[in-house]
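Structure file start_11.cif (mmCIF, C-alpha atoms) follows.
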data_target
#
loop_
_atom_site.group_PDB
_atom_site.id
_atom_site.type_symbol
_atom_site.label_atom_id
_atom_site.label_comp_id
_atom_site.auth_asym_id
_atom_site.auth_seq_id
_atom_site.Cartn_x
_atom_site.Cartn_y
_atom_site.Cartn_z
ATOM 1 C CA MET A 1390 40.506 -1.840 0.347
ATOM 2 C CA GLU A 1391 42.632 0.902 -1.205
ATOM 3 C CA THR A 1392 44.576 -0.256 -4.193
ATOM 4 C CA GLU A 1393 47.266 1.866 -5.727
ATOM 5 C CA LEU A 1394 48.871 5.051 -4.496
ATOM 6 C CA SER A 1395 52.014 6.658 -5.820
ATOM 7 C CA VAL A 1396 54.096 7.933 -2.949
ATOM 8 C CA SER A 1397 56.950 9.715 -4.723
ATOM 9 C CA PRO A 1398 58.655 9.631 -8.125
ATOM 10 C CA GLY A 1399 60.157 6.223 -8.752
ATOM 11 C CA PHE A 1400 58.093 4.602 -6.020
ATOM 12 C CA ASP A 1401 54.742 2.824 -6.142
ATOM 13 C CA GLU A 1402 52.689 1.572 -3.248
ATOM 14 C CA LEU A 1403 50.024 -1.075 -2.865
ATOM 15 C CA MET A 1404 48.078 -2.085 0.227
ATOM 16 C CA ILE A 1405 46.753 -5.627 0.286
ATOM 17 C CA GLY A 1406 45.005 -8.025 2.618
ATOM 18 C CA ALA A 1407 46.639 -11.215 3.861
ATOM 19 C CA ASN A 1408 45.118 -13.927 1.713
ATOM 20 C CA GLY A 1409 45.863 -15.886 -1.438
ATOM 21 C CA ALA A 1410 43.681 -13.823 -3.758
ATOM 22 C CA GLU A 1411 45.432 -10.662 -2.622
ATOM 23 C CA VAL A 1412 48.832 -12.258 -3.213
ATOM 24 C CA ARG A 1413 47.782 -12.891 -6.800
ATOM 25 C CA ARG A 1414 46.594 -9.294 -7.131
ATOM 26 C CA ALA A 1415 49.917 -8.060 -5.766
ATOM 27 C CA SER A 1416 51.783 -10.242 -8.282
ATOM 28 C CA GLU A 1417 49.805 -8.765 -11.152
ATOM 29 C CA TRP A 1418 50.426 -5.249 -9.850
ATOM 30 C CA LEU A 1419 54.168 -5.844 -9.595
ATOM 31 C CA ASP A 1420 54.346 -7.473 -13.024
ATOM 32 C CA THR A 1421 52.353 -4.670 -14.676
ATOM 33 C CA ILE A 1422 54.343 -1.796 -13.203
ATOM 34 C CA CYS A 1423 57.705 -3.415 -13.901
ATOM 35 C CA ARG A 1424 56.793 -4.058 -17.527
ATOM 36 C CA GLN A 1425 55.447 -0.509 -17.922
ATOM 37 C CA ARG A 1426 58.838 0.741 -16.708
ATOM 38 C CA ASP A 1427 60.752 -1.532 -19.113
ATOM 39 C CA VAL A 1428 62.174 -3.841 -16.487
ATOM 40 C CA PRO A 1429 63.325 -6.941 -18.417
ATOM 41 C CA LYS A 1430 61.339 -10.168 -18.130
ATOM 42 C CA ALA A 1431 63.893 -12.196 -16.124
ATOM 43 C CA PRO A 1432 64.240 -9.800 -13.163
ATOM 44 C CA VAL A 1433 60.461 -9.267 -13.118
ATOM 45 C CA GLU A 1434 59.883 -13.015 -12.858
ATOM 46 C CA ARG A 1435 62.349 -13.283 -9.984
ATOM 47 C CA LEU A 1436 60.712 -10.370 -8.160
ATOM 48 C CA VAL A 1437 57.241 -11.881 -8.557
ATOM 49 C CA LEU A 1438 58.455 -15.219 -7.224
ATOM 50 C CA CYS A 1439 60.070 -13.551 -4.208
ATOM 51 C CA LEU A 1440 56.924 -11.523 -3.560
ATOM 52 C CA ASN A 1441 54.769 -14.650 -3.560
ATOM 53 C CA GLU A 1442 57.071 -16.418 -1.121
ATOM 54 C CA VAL A 1443 57.437 -13.453 1.238
ATOM 55 C CA LEU A 1444 53.670 -12.949 1.364
ATOM 56 C CA ALA A 1445 53.046 -16.685 1.768
ATOM 57 C CA ASN A 1446 55.330 -16.621 4.827
ATOM 58 C CA VAL A 1447 53.447 -13.667 6.295
ATOM 59 C CA ILE A 1448 50.122 -15.459 5.828
ATOM 60 C CA ALA A 1449 51.366 -18.804 7.150
ATOM 61 C CA HIS A 1450 53.535 -17.657 10.052
ATOM 62 C CA GLY A 1451 52.650 -14.042 10.834
ATOM 63 C CA GLY A 1452 49.839 -14.883 13.245
ATOM 64 C CA GLY A 1453 46.439 -13.275 13.790
ATOM 65 C CA THR A 1454 47.677 -9.684 13.655
ATOM 66 C CA ALA A 1455 49.257 -10.271 10.256
ATOM 67 C CA LEU A 1456 46.065 -11.784 8.926
ATOM 68 C CA SER A 1457 43.866 -8.948 10.143
ATOM 69 C CA SER A 1458 46.125 -6.038 9.162
ATOM 70 C CA PRO A 1459 46.923 -4.590 5.744
ATOM 71 C CA ILE A 1460 50.267 -5.413 4.186
ATOM 72 C CA ARG A 1461 52.113 -2.548 2.512
ATOM 73 C CA LEU A 1462 54.158 -3.072 -0.620
ATOM 74 C CA LEU A 1463 56.586 -0.404 -1.791
ATOM 75 C CA LEU A 1464 58.238 -0.773 -5.173
ATOM 76 C CA GLU A 1465 61.272 1.214 -6.252
ATOM 77 C CA ILE A 1466 62.691 0.973 -9.757
ATOM 78 C CA ARG A 1467 65.917 2.696 -10.774
ATOM 79 C CA LEU A 1468 66.969 2.507 -14.403
ATOM 80 C CA ASP A 1469 70.599 3.334 -14.996
ATOM 81 C CA PRO A 1470 72.920 2.487 -17.916
ATOM 82 C CA ASP A 1471 75.584 1.459 -15.408
ATOM 83 C CA GLY A 1472 73.275 -0.951 -13.595
ATOM 84 C CA SER A 1473 69.554 -0.884 -12.948
ATOM 85 C CA LYS A 1474 67.697 -2.281 -9.977
ATOM 86 C CA ALA A 1475 64.216 -2.869 -8.625
ATOM 87 C CA GLY A 1476 63.355 -3.500 -4.996
ATOM 88 C CA VAL A 1477 60.154 -4.348 -3.164
ATOM 89 C CA THR A 1478 59.655 -3.691 0.543
ATOM 90 C CA VAL A 1479 56.945 -5.742 2.243
ATOM 91 C CA SER A 1480 55.746 -4.334 5.571
ATOM 92 C CA ASP A 1481 53.481 -6.424 7.771
ATOM 93 C CA ALA A 1482 52.235 -6.280 11.343
ATOM 94 C CA GLY A 1483 52.787 -9.958 12.079
ATOM 95 C CA THR A 1484 55.111 -11.735 14.455
ATOM 96 C CA ALA A 1485 58.653 -10.389 14.197
ATOM 97 C CA PHE A 1486 60.580 -12.634 11.845
ATOM 98 C CA ASN A 1487 63.929 -12.042 10.202
ATOM 99 C CA PRO A 1488 64.327 -14.480 7.306
ATOM 100 C CA LEU A 1489 67.983 -13.496 7.004
ATOM 101 C CA SER A 1490 68.650 -15.029 10.424
ATOM 102 C CA VAL A 1491 67.423 -18.470 9.401
ATOM 103 C CA ALA A 1492 70.117 -21.007 8.558
ATOM 104 C CA LYS A 1493 69.973 -21.905 4.884
ATOM 105 C CA LYS A 1494 68.208 -25.193 4.258
ATOM 106 C CA ILE A 1495 70.423 -27.996 3.025
ATOM 107 C CA LEU A 1496 68.755 -29.294 -0.097
ATOM 108 C CA PRO A 1497 68.053 -33.042 -0.143
ATOM 109 C CA LYS A 1498 69.830 -35.262 -2.641
ATOM 110 C CA THR A 1499 66.974 -37.708 -3.128
ATOM 111 C CA LEU A 1500 63.197 -37.574 -3.220
ATOM 112 C CA ALA A 1501 63.031 -39.929 -0.244
ATOM 113 C CA GLU A 1502 65.015 -37.411 1.858
ATOM 114 C CA ALA A 1503 62.942 -34.438 0.694
ATOM 115 C CA SER A 1504 60.475 -32.703 2.960
ATOM 116 C CA PRO A 1505 57.798 -30.686 1.195
ATOM 117 C CA GLY A 1506 58.127 -27.543 3.348
ATOM 118 C CA GLY A 1507 60.728 -24.813 3.794
ATOM 119 C CA LEU A 1508 61.295 -24.111 0.117
ATOM 120 C CA GLY A 1509 59.898 -20.573 0.173
ATOM 121 C CA LEU A 1510 62.977 -19.181 1.903
ATOM 122 C CA VAL A 1511 65.223 -21.159 -0.432
ATOM 123 C CA MET A 1512 63.483 -19.559 -3.368
ATOM 124 C CA ILE A 1513 63.768 -16.064 -1.887
ATOM 125 C CA HIS A 1514 67.507 -16.472 -1.263
ATOM 126 C CA ARG A 1515 68.084 -17.886 -4.755
ATOM 127 C CA CYS A 1516 65.979 -15.355 -6.679
ATOM 128 C CA ALA A 1517 66.848 -12.101 -4.889
ATOM 129 C CA ASP A 1518 70.093 -10.256 -5.578
ATOM 130 C CA TRP A 1519 69.813 -8.601 -2.211
ATOM 131 C CA LEU A 1520 67.746 -8.844 0.949
ATOM 132 C CA ASP A 1521 67.351 -6.470 3.841
ATOM 133 C CA TYR A 1522 65.276 -6.743 7.019
ATOM 134 C CA HIS A 1523 64.434 -4.543 9.971
ATOM 135 C CA HIS A 1524 61.660 -4.472 12.562
ATOM 136 C CA GLU A 1525 60.272 -1.043 13.371
ATOM 137 C CA ASP A 1526 57.036 0.374 14.817
ATOM 138 C CA GLY A 1527 55.626 -3.101 15.307
ATOM 139 C CA HIS A 1528 56.153 -4.052 11.683
ATOM 140 C CA ASN A 1529 58.451 -6.370 9.776
ATOM 141 C CA HIS A 1530 60.047 -4.573 6.826
ATOM 142 C CA LEU A 1531 61.617 -6.979 4.365
ATOM 143 C CA THR A 1532 63.174 -5.705 1.142
ATOM 144 C CA PHE A 1533 64.195 -7.907 -1.744
ATOM 145 C CA GLY A 1534 65.528 -6.800 -5.086
ATOM 146 C CA THR A 1535 67.095 -7.632 -8.396
ATOM 147 C CA ARG A 1536 69.768 -5.955 -10.510
ATOM 148 C CA TRP A 1537 70.329 -6.021 -14.235
ATOM 149 C CA LYS A 1538 72.326 -4.252 -16.942
ATOM 150 C CA LEU A 1539 70.512 -2.397 -19.682
ATOM 151 C CA PRO A 1540 71.399 -3.710 -23.158
ATOM 152 C CA MET B 702 43.315 -23.240 -12.880
ATOM 153 C CA SER B 703 42.441 -26.700 -14.119
ATOM 154 C CA ILE B 704 43.532 -30.289 -13.667
ATOM 155 C CA SER B 705 42.611 -33.244 -15.826
ATOM 156 C CA TYR B 706 43.915 -36.744 -16.468
ATOM 157 C CA LYS B 707 44.014 -39.544 -18.990
ATOM 158 C CA ASP B 708 45.057 -43.135 -18.396
ATOM 159 C CA VAL B 709 47.430 -44.413 -21.076
ATOM 160 C CA GLY B 710 47.193 -48.189 -20.870
ATOM 161 C CA GLU B 711 47.300 -50.000 -17.545
ATOM 162 C CA ASN B 712 50.575 -48.638 -16.244
ATOM 163 C CA LEU B 713 50.534 -44.936 -16.945
ATOM 164 C CA ARG B 714 48.473 -41.947 -15.883
ATOM 165 C CA ARG B 715 48.966 -38.556 -17.505
ATOM 166 C CA ILE B 716 47.846 -35.536 -15.463
ATOM 167 C CA VAL B 717 47.654 -32.090 -17.033
ATOM 168 C CA ILE B 718 47.648 -28.954 -14.889
ATOM 169 C CA SER B 719 47.245 -25.475 -16.328
ATOM 170 C CA GLY B 720 47.117 -21.955 -14.938
ATOM 171 C CA ARG B 721 49.070 -20.592 -11.985
ATOM 172 C CA LEU B 722 50.304 -22.767 -9.132
ATOM 173 C CA ASP B 723 50.357 -19.900 -6.656
ATOM 174 C CA ILE B 724 48.400 -19.953 -3.372
ATOM 175 C CA PRO B 725 44.831 -19.893 -4.758
ATOM 176 C CA GLY B 726 45.748 -21.992 -7.789
ATOM 177 C CA THR B 727 47.401 -24.725 -5.726
ATOM 178 C CA GLU B 728 44.593 -24.729 -3.187
ATOM 179 C CA GLY B 729 42.237 -25.363 -6.094
ATOM 180 C CA VAL B 730 44.019 -28.479 -7.410
ATOM 181 C CA ALA B 731 46.117 -29.937 -4.550
ATOM 182 C CA ALA B 732 43.477 -32.365 -3.245
ATOM 183 C CA GLN B 733 42.722 -33.603 -6.755
ATOM 184 C CA LEU B 734 46.420 -34.049 -7.500
ATOM 185 C CA VAL B 735 46.818 -36.233 -4.406
ATOM 186 C CA GLU B 736 43.771 -38.247 -5.423
ATOM 187 C CA LEU B 737 44.876 -38.675 -9.044
ATOM 188 C CA THR B 738 48.440 -39.697 -8.179
ATOM 189 C CA ALA B 739 47.145 -42.240 -5.643
ATOM 190 C CA ALA B 740 45.847 -44.463 -8.463
ATOM 191 C CA PRO B 741 47.740 -47.773 -8.650
ATOM 192 C CA LYS B 742 49.657 -46.903 -11.820
ATOM 193 C CA LYS B 743 53.349 -47.613 -12.225
ATOM 194 C CA GLY B 744 54.087 -44.304 -13.844
ATOM 195 C CA VAL B 745 52.607 -40.833 -13.468
ATOM 196 C CA VAL B 746 53.368 -37.955 -15.824
ATOM 197 C CA VAL B 747 52.403 -34.514 -14.551
ATOM 198 C CA ASP B 748 52.318 -32.102 -17.467
ATOM 199 C CA LEU B 749 53.107 -28.556 -16.341
ATOM 200 C CA SER B 750 53.887 -27.222 -19.819
ATOM 201 C CA THR B 751 51.016 -24.725 -19.690
ATOM 202 C CA VAL B 752 51.507 -23.726 -16.061
ATOM 203 C CA LYS B 753 52.466 -20.063 -16.010
ATOM 204 C CA PHE B 754 53.795 -19.745 -12.468
ATOM 205 C CA LEU B 755 55.016 -22.143 -9.775
ATOM 206 C CA ALA B 756 55.355 -20.985 -6.175
ATOM 207 C CA SER B 757 56.719 -23.097 -3.328
ATOM 208 C CA ILE B 758 53.203 -24.103 -2.288
ATOM 209 C CA GLY B 759 52.824 -25.738 -5.712
ATOM 210 C CA ILE B 760 56.220 -27.411 -5.407
ATOM 211 C CA ARG B 761 55.148 -28.749 -2.027
ATOM 212 C CA ALA B 762 52.116 -30.384 -3.664
ATOM 213 C CA LEU B 763 54.326 -31.925 -6.373
ATOM 214 C CA ILE B 764 56.833 -33.299 -3.845
ATOM 215 C CA THR B 765 54.046 -34.764 -1.694
ATOM 216 C CA SER B 766 52.580 -36.571 -4.703
ATOM 217 C CA ALA B 767 55.949 -37.722 -6.064
ATOM 218 C CA LYS B 768 56.866 -39.181 -2.671
ATOM 219 C CA ALA B 769 53.528 -41.004 -2.445
ATOM 220 C CA VAL B 770 54.005 -42.485 -5.921
ATOM 221 C CA GLN B 771 57.556 -43.536 -5.058
ATOM 222 C CA LYS B 772 56.424 -45.099 -1.784
ATOM 223 C CA ARG B 773 54.147 -47.496 -3.623
ATOM 224 C CA GLY B 774 56.926 -48.418 -6.060
ATOM 225 C CA GLY B 775 55.979 -46.078 -8.904
ATOM 226 C CA LYS B 776 57.619 -43.080 -10.497
ATOM 227 C CA MET B 777 56.344 -39.566 -11.090
ATOM 228 C CA VAL B 778 57.932 -37.310 -13.705
ATOM 229 C CA LEU B 779 57.223 -33.788 -14.925
ATOM 230 C CA VAL B 780 56.842 -32.196 -18.340
ATOM 231 C CA VAL B 781 57.956 -28.578 -18.250
ATOM 232 C CA ASN B 782 58.499 -25.893 -20.850
ATOM 233 C CA ASP B 783 62.259 -25.375 -20.684
ATOM 234 C CA SER B 784 62.198 -21.586 -20.844
ATOM 235 C CA SER B 785 59.319 -21.028 -18.432
ATOM 236 C CA THR B 786 59.356 -19.573 -14.933
ATOM 237 C CA VAL B 787 58.247 -23.028 -13.794
ATOM 238 C CA MET B 788 61.696 -24.351 -14.694
ATOM 239 C CA MET B 789 63.268 -21.452 -12.817
ATOM 240 C CA SER B 790 61.282 -22.379 -9.667
ATOM 241 C CA LEU B 791 62.247 -26.050 -9.937
ATOM 242 C CA GLU B 792 65.920 -25.204 -10.433
ATOM 243 C CA ALA B 793 65.980 -22.600 -7.651
ATOM 244 C CA THR B 794 64.736 -25.168 -5.140
ATOM 245 C CA GLY B 795 66.728 -28.107 -6.516
ATOM 246 C CA VAL B 796 63.517 -30.040 -7.152
ATOM 247 C CA ASP B 797 64.551 -30.654 -10.772
ATOM 248 C CA GLN B 798 67.178 -32.976 -9.251
ATOM 249 C CA LEU B 799 64.590 -34.908 -7.227
ATOM 250 C CA ILE B 800 61.715 -35.319 -9.690
ATOM 251 C CA PRO B 801 62.767 -36.072 -13.287
ATOM 252 C CA VAL B 802 61.883 -33.239 -15.679
ATOM 253 C CA PHE B 803 61.319 -33.633 -19.435
ATOM 254 C CA LYS B 804 60.581 -31.262 -22.272
ATOM 255 C CA ASN B 805 58.244 -33.557 -24.170
ATOM 256 C CA ASP B 806 55.532 -36.105 -23.462
ATOM 257 C CA SER B 807 57.055 -39.135 -25.130
ATOM 258 C CA ASP B 808 60.345 -38.969 -23.215
ATOM 259 C CA ALA B 809 58.410 -38.390 -19.996
ATOM 260 C CA GLU B 810 56.067 -41.325 -20.570
ATOM 261 C CA ARG B 811 58.964 -43.671 -21.354
ATOM 262 C CA ALA B 812 60.822 -42.608 -18.211
ATOM 263 C CA ALA B 813 57.762 -42.920 -15.982
ATOM 264 C CA VAL B 814 57.219 -46.591 -16.801
ATOM 265 C CA ALA B 815 60.883 -47.610 -17.182
#

Could I get this file's structure written as structure tokens?
Amino acid sequence: METELSVSPGFDELMIGANGAEVRRASEWLDTICRQRDVPKAPVERLVLCLNEVLANVIAHGGGTALSSPIRLLLEIRLDPDGSKAGVTVSDAGTAFNPLSVAKKILPKTLAEASPGGLGLVMIHRCADWLDYHHEDGHNHLTFGTRWKLP
Amino acid sequence: MSISYKDVGENLRRIVISGRLDIPGTEGVAAQLVELTAAPKKGVVVDLSTVKFLASIGIRALITSAKAVQKRGGKMVLVVNDSSTVMMSLEATGVDQLIPVFKNDSDAERAAVA
């Protein structure tokens, strides 16, 4: 499978397969590029968490087409003294699913009430500063991002 | 990814997990975690202080085990490095309010058998 391909200045692209090992590879790719571009540790960690959860949802719920098709990751980093940001767009060919349309899970107050599932979306909503979704050309396109101020 | 355990007396089991609790990491230890927490010990300490990353699939495994321990009348607690991304994952999902979290072993062990 192709690995890295720069698409235009400020953007980086990675194509991955839909499995756990590829999710780890994508995490390492995202972490490496962000650190090379001087993105601070905290926003990088939040981006990597979001990426893991978005890809886990594609693998678990995207269906056969998602599992057999490449997933495209597009990273954009903009460094600006007035406010920097980094965003990742995940494009997959799985079942159309807009995570922004899902009602936010009410967190349990006790362990007895807790159900083990459904925490991926909670994590995405908590860790991303913004989310955007559209479905186009048979693909889900979900963007998540973080913002930070340069010191 | 690795998981190991040590029984501390009759009432306490200490489980140490290291590495990344992402999809492949969790798949590698989840069955063992269930097995190790099923032992008839009153308290279970799961030490995550050297875990570098915790995704929701890992949290799911922790909740499943903590619920099983609670169901048989025991208590499971976590040891987590305060400044790690693991703490961020637990806080983001509210799981730090469901499973007690400690910074050091001795506090965790006391709480698990209290």

> Suppose you want the space between atom CA of Ser784 of chain B and atom CA of Ala762 of chain B; what is it in Å?
Replying inline: 21.8 Å

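From atom CA of Val1437 of chain A back to atom CA of Phe1533 of chain A, the distance works out to 10.5 Å.
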
Running the PyMOL selection byres ((chain B and resi 708-718) around 8) on this model by hand, what would come out? Give it as a PDB file with C-alpha atoms, keeping the file's coordinate frame.
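The result, stored in expr.pdb:
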ATOM      1  CA  MET B 702      43.315 -23.240 -12.880  1.00  0.00           C
ATOM      2  CA  SER B 703      42.441 -26.700 -14.119  1.00  0.00           C
ATOM      3  CA  ILE B 704      43.532 -30.289 -13.667  1.00  0.00           C
ATOM      4  CA  SER B 705      42.611 -33.244 -15.826  1.00  0.00           C
ATOM      5  CA  TYR B 706      43.915 -36.744 -16.468  1.00  0.00           C
ATOM      6  CA  LYS B 707      44.014 -39.544 -18.990  1.00  0.00           C
ATOM      7  CA  SER B 719      47.245 -25.475 -16.328  1.00  0.00           C
ATOM      8  CA  GLY B 720      47.117 -21.955 -14.938  1.00  0.00           C
ATOM      9  CA  LEU B 737      44.876 -38.675  -9.044  1.00  0.00           C
ATOM     10  CA  LYS B 742      49.657 -46.903 -11.820  1.00  0.00           C
ATOM     11  CA  LYS B 743      53.349 -47.613 -12.225  1.00  0.00           C
ATOM     12  CA  GLY B 744      54.087 -44.304 -13.844  1.00  0.00           C
ATOM     13  CA  VAL B 745      52.607 -40.833 -13.468  1.00  0.00           C
ATOM     14  CA  VAL B 746      53.368 -37.955 -15.824  1.00  0.00           C
ATOM     15  CA  VAL B 747      52.403 -34.514 -14.551  1.00  0.00           C
ATOM     16  CA  ASP B 748      52.318 -32.102 -17.467  1.00  0.00           C
ATOM     17  CA  LEU B 749      53.107 -28.556 -16.341  1.00  0.00           C
ATOM     18  CA  THR B 751      51.016 -24.725 -19.690  1.00  0.00           C
ATOM     19  CA  VAL B 752      51.507 -23.726 -16.061  1.00  0.00           C
ATOM     20  CA  GLU B 810      56.067 -41.325 -20.570  1.00  0.00           C
ATOM     21  CA  ALA B 813      57.762 -42.920 -15.982  1.00  0.00           C
ATOM     22  CA  VAL B 814      57.219 -46.591 -16.801  1.00  0.00           C
TER      23      VAL B 814
END

>> When you look at Ile764 of chain B with a cut-off of 7 Å (counting only C-alpha atoms), what residues show up, excluding the ones that are within fewer than 4 positions of it in the same chain? I need them as a PyMOL selection string.
In response: (chain A and resi 1505) or (chain B and resi 760+768)

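The two atoms in question, atom CA of Glu1442 of chain A and atom CA of Gly1509 of chain A, are spaced 5.2 Å apart.
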
Return as a compact mmCIF listing (two decimals) with C-alpha atoms, in the coordinates of the input the residues belonging to chain B that are within 8 Å of chain A, counting only C-alpha atoms.
# COMPACT_ATOMS: atom_id res chain seq x y z
CA ASP B 723 50.36 -19.90 -6.66
CA ILE B 724 48.40 -19.95 -3.37
CA PRO B 725 44.83 -19.89 -4.76
CA ALA B 756 55.36 -20.98 -6.18
CA SER B 757 56.72 -23.10 -3.33
CA ILE B 758 53.20 -24.10 -2.29
CA ILE B 760 56.22 -27.41 -5.41
CA ARG B 761 55.15 -28.75 -2.03
CA ALA B 762 52.12 -30.38 -3.66
CA ILE B 764 56.83 -33.30 -3.84
CA THR B 765 54.05 -34.76 -1.69
CA ALA B 767 55.95 -37.72 -6.06
CA LYS B 768 56.87 -39.18 -2.67
CA THR B 786 59.36 -19.57 -14.93
CA SER B 790 61.28 -22.38 -9.67
CA ALA B 793 65.98 -22.60 -7.65
CA THR B 794 64.74 -25.17 -5.14
CA GLY B 795 66.73 -28.11 -6.52
CA GLN B 798 67.18 -32.98 -9.25
CA LEU B 799 64.59 -34.91 -7.23
CA ILE B 800 61.72 -35.32 -9.69

>> I'd like the neighbourhood of segment 1478-1490 of chain A as a list of chain:residue names, where a residue qualifies if any of its atoms comes within 7 Å (using only C-alpha atoms), though same-chain residues fewer than 2 positions away should be ignored.
In response: A:Val1447, A:Gly1451, A:Gly1452, A:Thr1454, A:Ala1455, A:Ser1458, A:Ile1460, A:Arg1461, A:Leu1462, A:Leu1463, A:Leu1464, A:Gly1476, A:Ala1492, A:Tyr1522, A:His1524, A:Gly1527, A:His1528, A:Asn1529, A:His1530, A:Leu1531, A:Thr1532, A:Phe1533

Would you mind putting back N, CA and C atoms on segment 1508-1528 of chain A, then writing it out as a PDB file, keeping the file's coordinate frame?
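In the end it all went to result_9.pdb:
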ATOM      1  N   LEU A1508      60.684 -24.496   1.393  1.00  0.00           N
ATOM      2  CA  LEU A1508      61.295 -24.111   0.117  1.00  0.00           C
ATOM      3  C   LEU A1508      61.096 -22.639  -0.230  1.00  0.00           C
ATOM      4  N   GLY A1509      60.149 -21.985   0.447  1.00  0.00           N
ATOM      5  CA  GLY A1509      59.898 -20.573   0.173  1.00  0.00           C
ATOM      6  C   GLY A1509      61.127 -19.719   0.434  1.00  0.00           C
ATOM      7  N   LEU A1510      61.774 -19.956   1.583  1.00  0.00           N
ATOM      8  CA  LEU A1510      62.977 -19.181   1.903  1.00  0.00           C
ATOM      9  C   LEU A1510      64.118 -19.509   0.951  1.00  0.00           C
ATOM     10  N   VAL A1511      64.195 -20.773   0.544  1.00  0.00           N
ATOM     11  CA  VAL A1511      65.223 -21.159  -0.432  1.00  0.00           C
ATOM     12  C   VAL A1511      65.034 -20.352  -1.712  1.00  0.00           C
ATOM     13  N   MET A1512      63.782 -20.271  -2.134  1.00  0.00           N
ATOM     14  CA  MET A1512      63.483 -19.559  -3.368  1.00  0.00           C
ATOM     15  C   MET A1512      63.810 -18.069  -3.237  1.00  0.00           C
ATOM     16  N   ILE A1513      63.476 -17.491  -2.108  1.00  0.00           N
ATOM     17  CA  ILE A1513      63.768 -16.064  -1.887  1.00  0.00           C
ATOM     18  C   ILE A1513      65.273 -15.826  -1.963  1.00  0.00           C
ATOM     19  N   HIS A1514      66.047 -16.655  -1.262  1.00  0.00           N
ATOM     20  CA  HIS A1514      67.507 -16.472  -1.263  1.00  0.00           C
ATOM     21  C   HIS A1514      68.103 -16.670  -2.652  1.00  0.00           C
ATOM     22  N   ARG A1515      67.541 -17.609  -3.420  1.00  0.00           N
ATOM     23  CA  ARG A1515      68.084 -17.886  -4.755  1.00  0.00           C
ATOM     24  C   ARG A1515      67.693 -16.818  -5.781  1.00  0.00           C
ATOM     25  N   CYS A1516      66.496 -16.253  -5.630  1.00  0.00           N
ATOM     26  CA  CYS A1516      65.979 -15.355  -6.679  1.00  0.00           C
ATOM     27  C   CYS A1516      66.288 -13.879  -6.427  1.00  0.00           C
ATOM     28  N   ALA A1517      66.567 -13.512  -5.187  1.00  0.00           N
ATOM     29  CA  ALA A1517      66.848 -12.101  -4.889  1.00  0.00           C
ATOM     30  C   ALA A1517      68.342 -11.830  -5.005  1.00  0.00           C
ATOM     31  N   ASP A1518      68.685 -10.662  -5.546  1.00  0.00           N
ATOM     32  CA  ASP A1518      70.093 -10.256  -5.578  1.00  0.00           C
ATOM     33  C   ASP A1518      70.501  -9.611  -4.264  1.00  0.00           C
ATOM     34  N   TRP A1519      69.512  -9.091  -3.550  1.00  0.00           N
ATOM     35  CA  TRP A1519      69.813  -8.601  -2.211  1.00  0.00           C
ATOM     36  C   TRP A1519      68.563  -8.681  -1.347  1.00  0.00           C
ATOM     37  N   LEU A1520      68.829  -8.772  -0.031  1.00  0.00           N
ATOM     38  CA  LEU A1520      67.746  -8.844   0.949  1.00  0.00           C
ATOM     39  C   LEU A1520      68.108  -7.938   2.108  1.00  0.00           C
ATOM     40  N   ASP A1521      67.109  -7.318   2.682  1.00  0.00           N
ATOM     41  CA  ASP A1521      67.351  -6.470   3.841  1.00  0.00           C
ATOM     42  C   ASP A1521      66.141  -6.576   4.766  1.00  0.00           C
ATOM     43  N   TYR A1522      66.399  -6.625   6.076  1.00  0.00           N
ATOM     44  CA  TYR A1522      65.276  -6.743   7.019  1.00  0.00           C
ATOM     45  C   TYR A1522      65.489  -5.824   8.214  1.00  0.00           C
ATOM     46  N   HIS A1523      64.423  -5.177   8.653  1.00  0.00           N
ATOM     47  CA  HIS A1523      64.434  -4.543   9.971  1.00  0.00           C
ATOM     48  C   HIS A1523      63.020  -4.574  10.544  1.00  0.00           C
ATOM     49  N   HIS A1524      62.960  -4.489  11.870  1.00  0.00           N
ATOM     50  CA  HIS A1524      61.660  -4.472  12.562  1.00  0.00           C
ATOM     51  C   HIS A1524      61.514  -3.112  13.220  1.00  0.00           C
ATOM     52  N   GLU A1525      60.439  -2.410  12.880  1.00  0.00           N
ATOM     53  CA  GLU A1525      60.272  -1.043  13.371  1.00  0.00           C
ATOM     54  C   GLU A1525      58.787  -0.739  13.513  1.00  0.00           C
ATOM     55  N   ASP A1526      58.429  -0.036  14.572  1.00  0.00           N
ATOM     56  CA  ASP A1526      57.036   0.374  14.817  1.00  0.00           C
ATOM     57  C   ASP A1526      56.066  -0.802  14.753  1.00  0.00           C
ATOM     58  N   GLY A1527      56.496  -1.931  15.265  1.00  0.00           N
ATOM     59  CA  GLY A1527      55.626  -3.101  15.307  1.00  0.00           C
ATOM     60  C   GLY A1527      55.458  -3.799  13.974  1.00  0.00           C
ATOM     61  N   HIS A1528      56.274  -3.443  13.015  1.00  0.00           N
ATOM     62  CA  HIS A1528      56.153  -4.052  11.683  1.00  0.00           C
ATOM     63  C   HIS A1528      57.470  -4.690  11.224  1.00  0.00           C
TER      64      HIS A1528
END
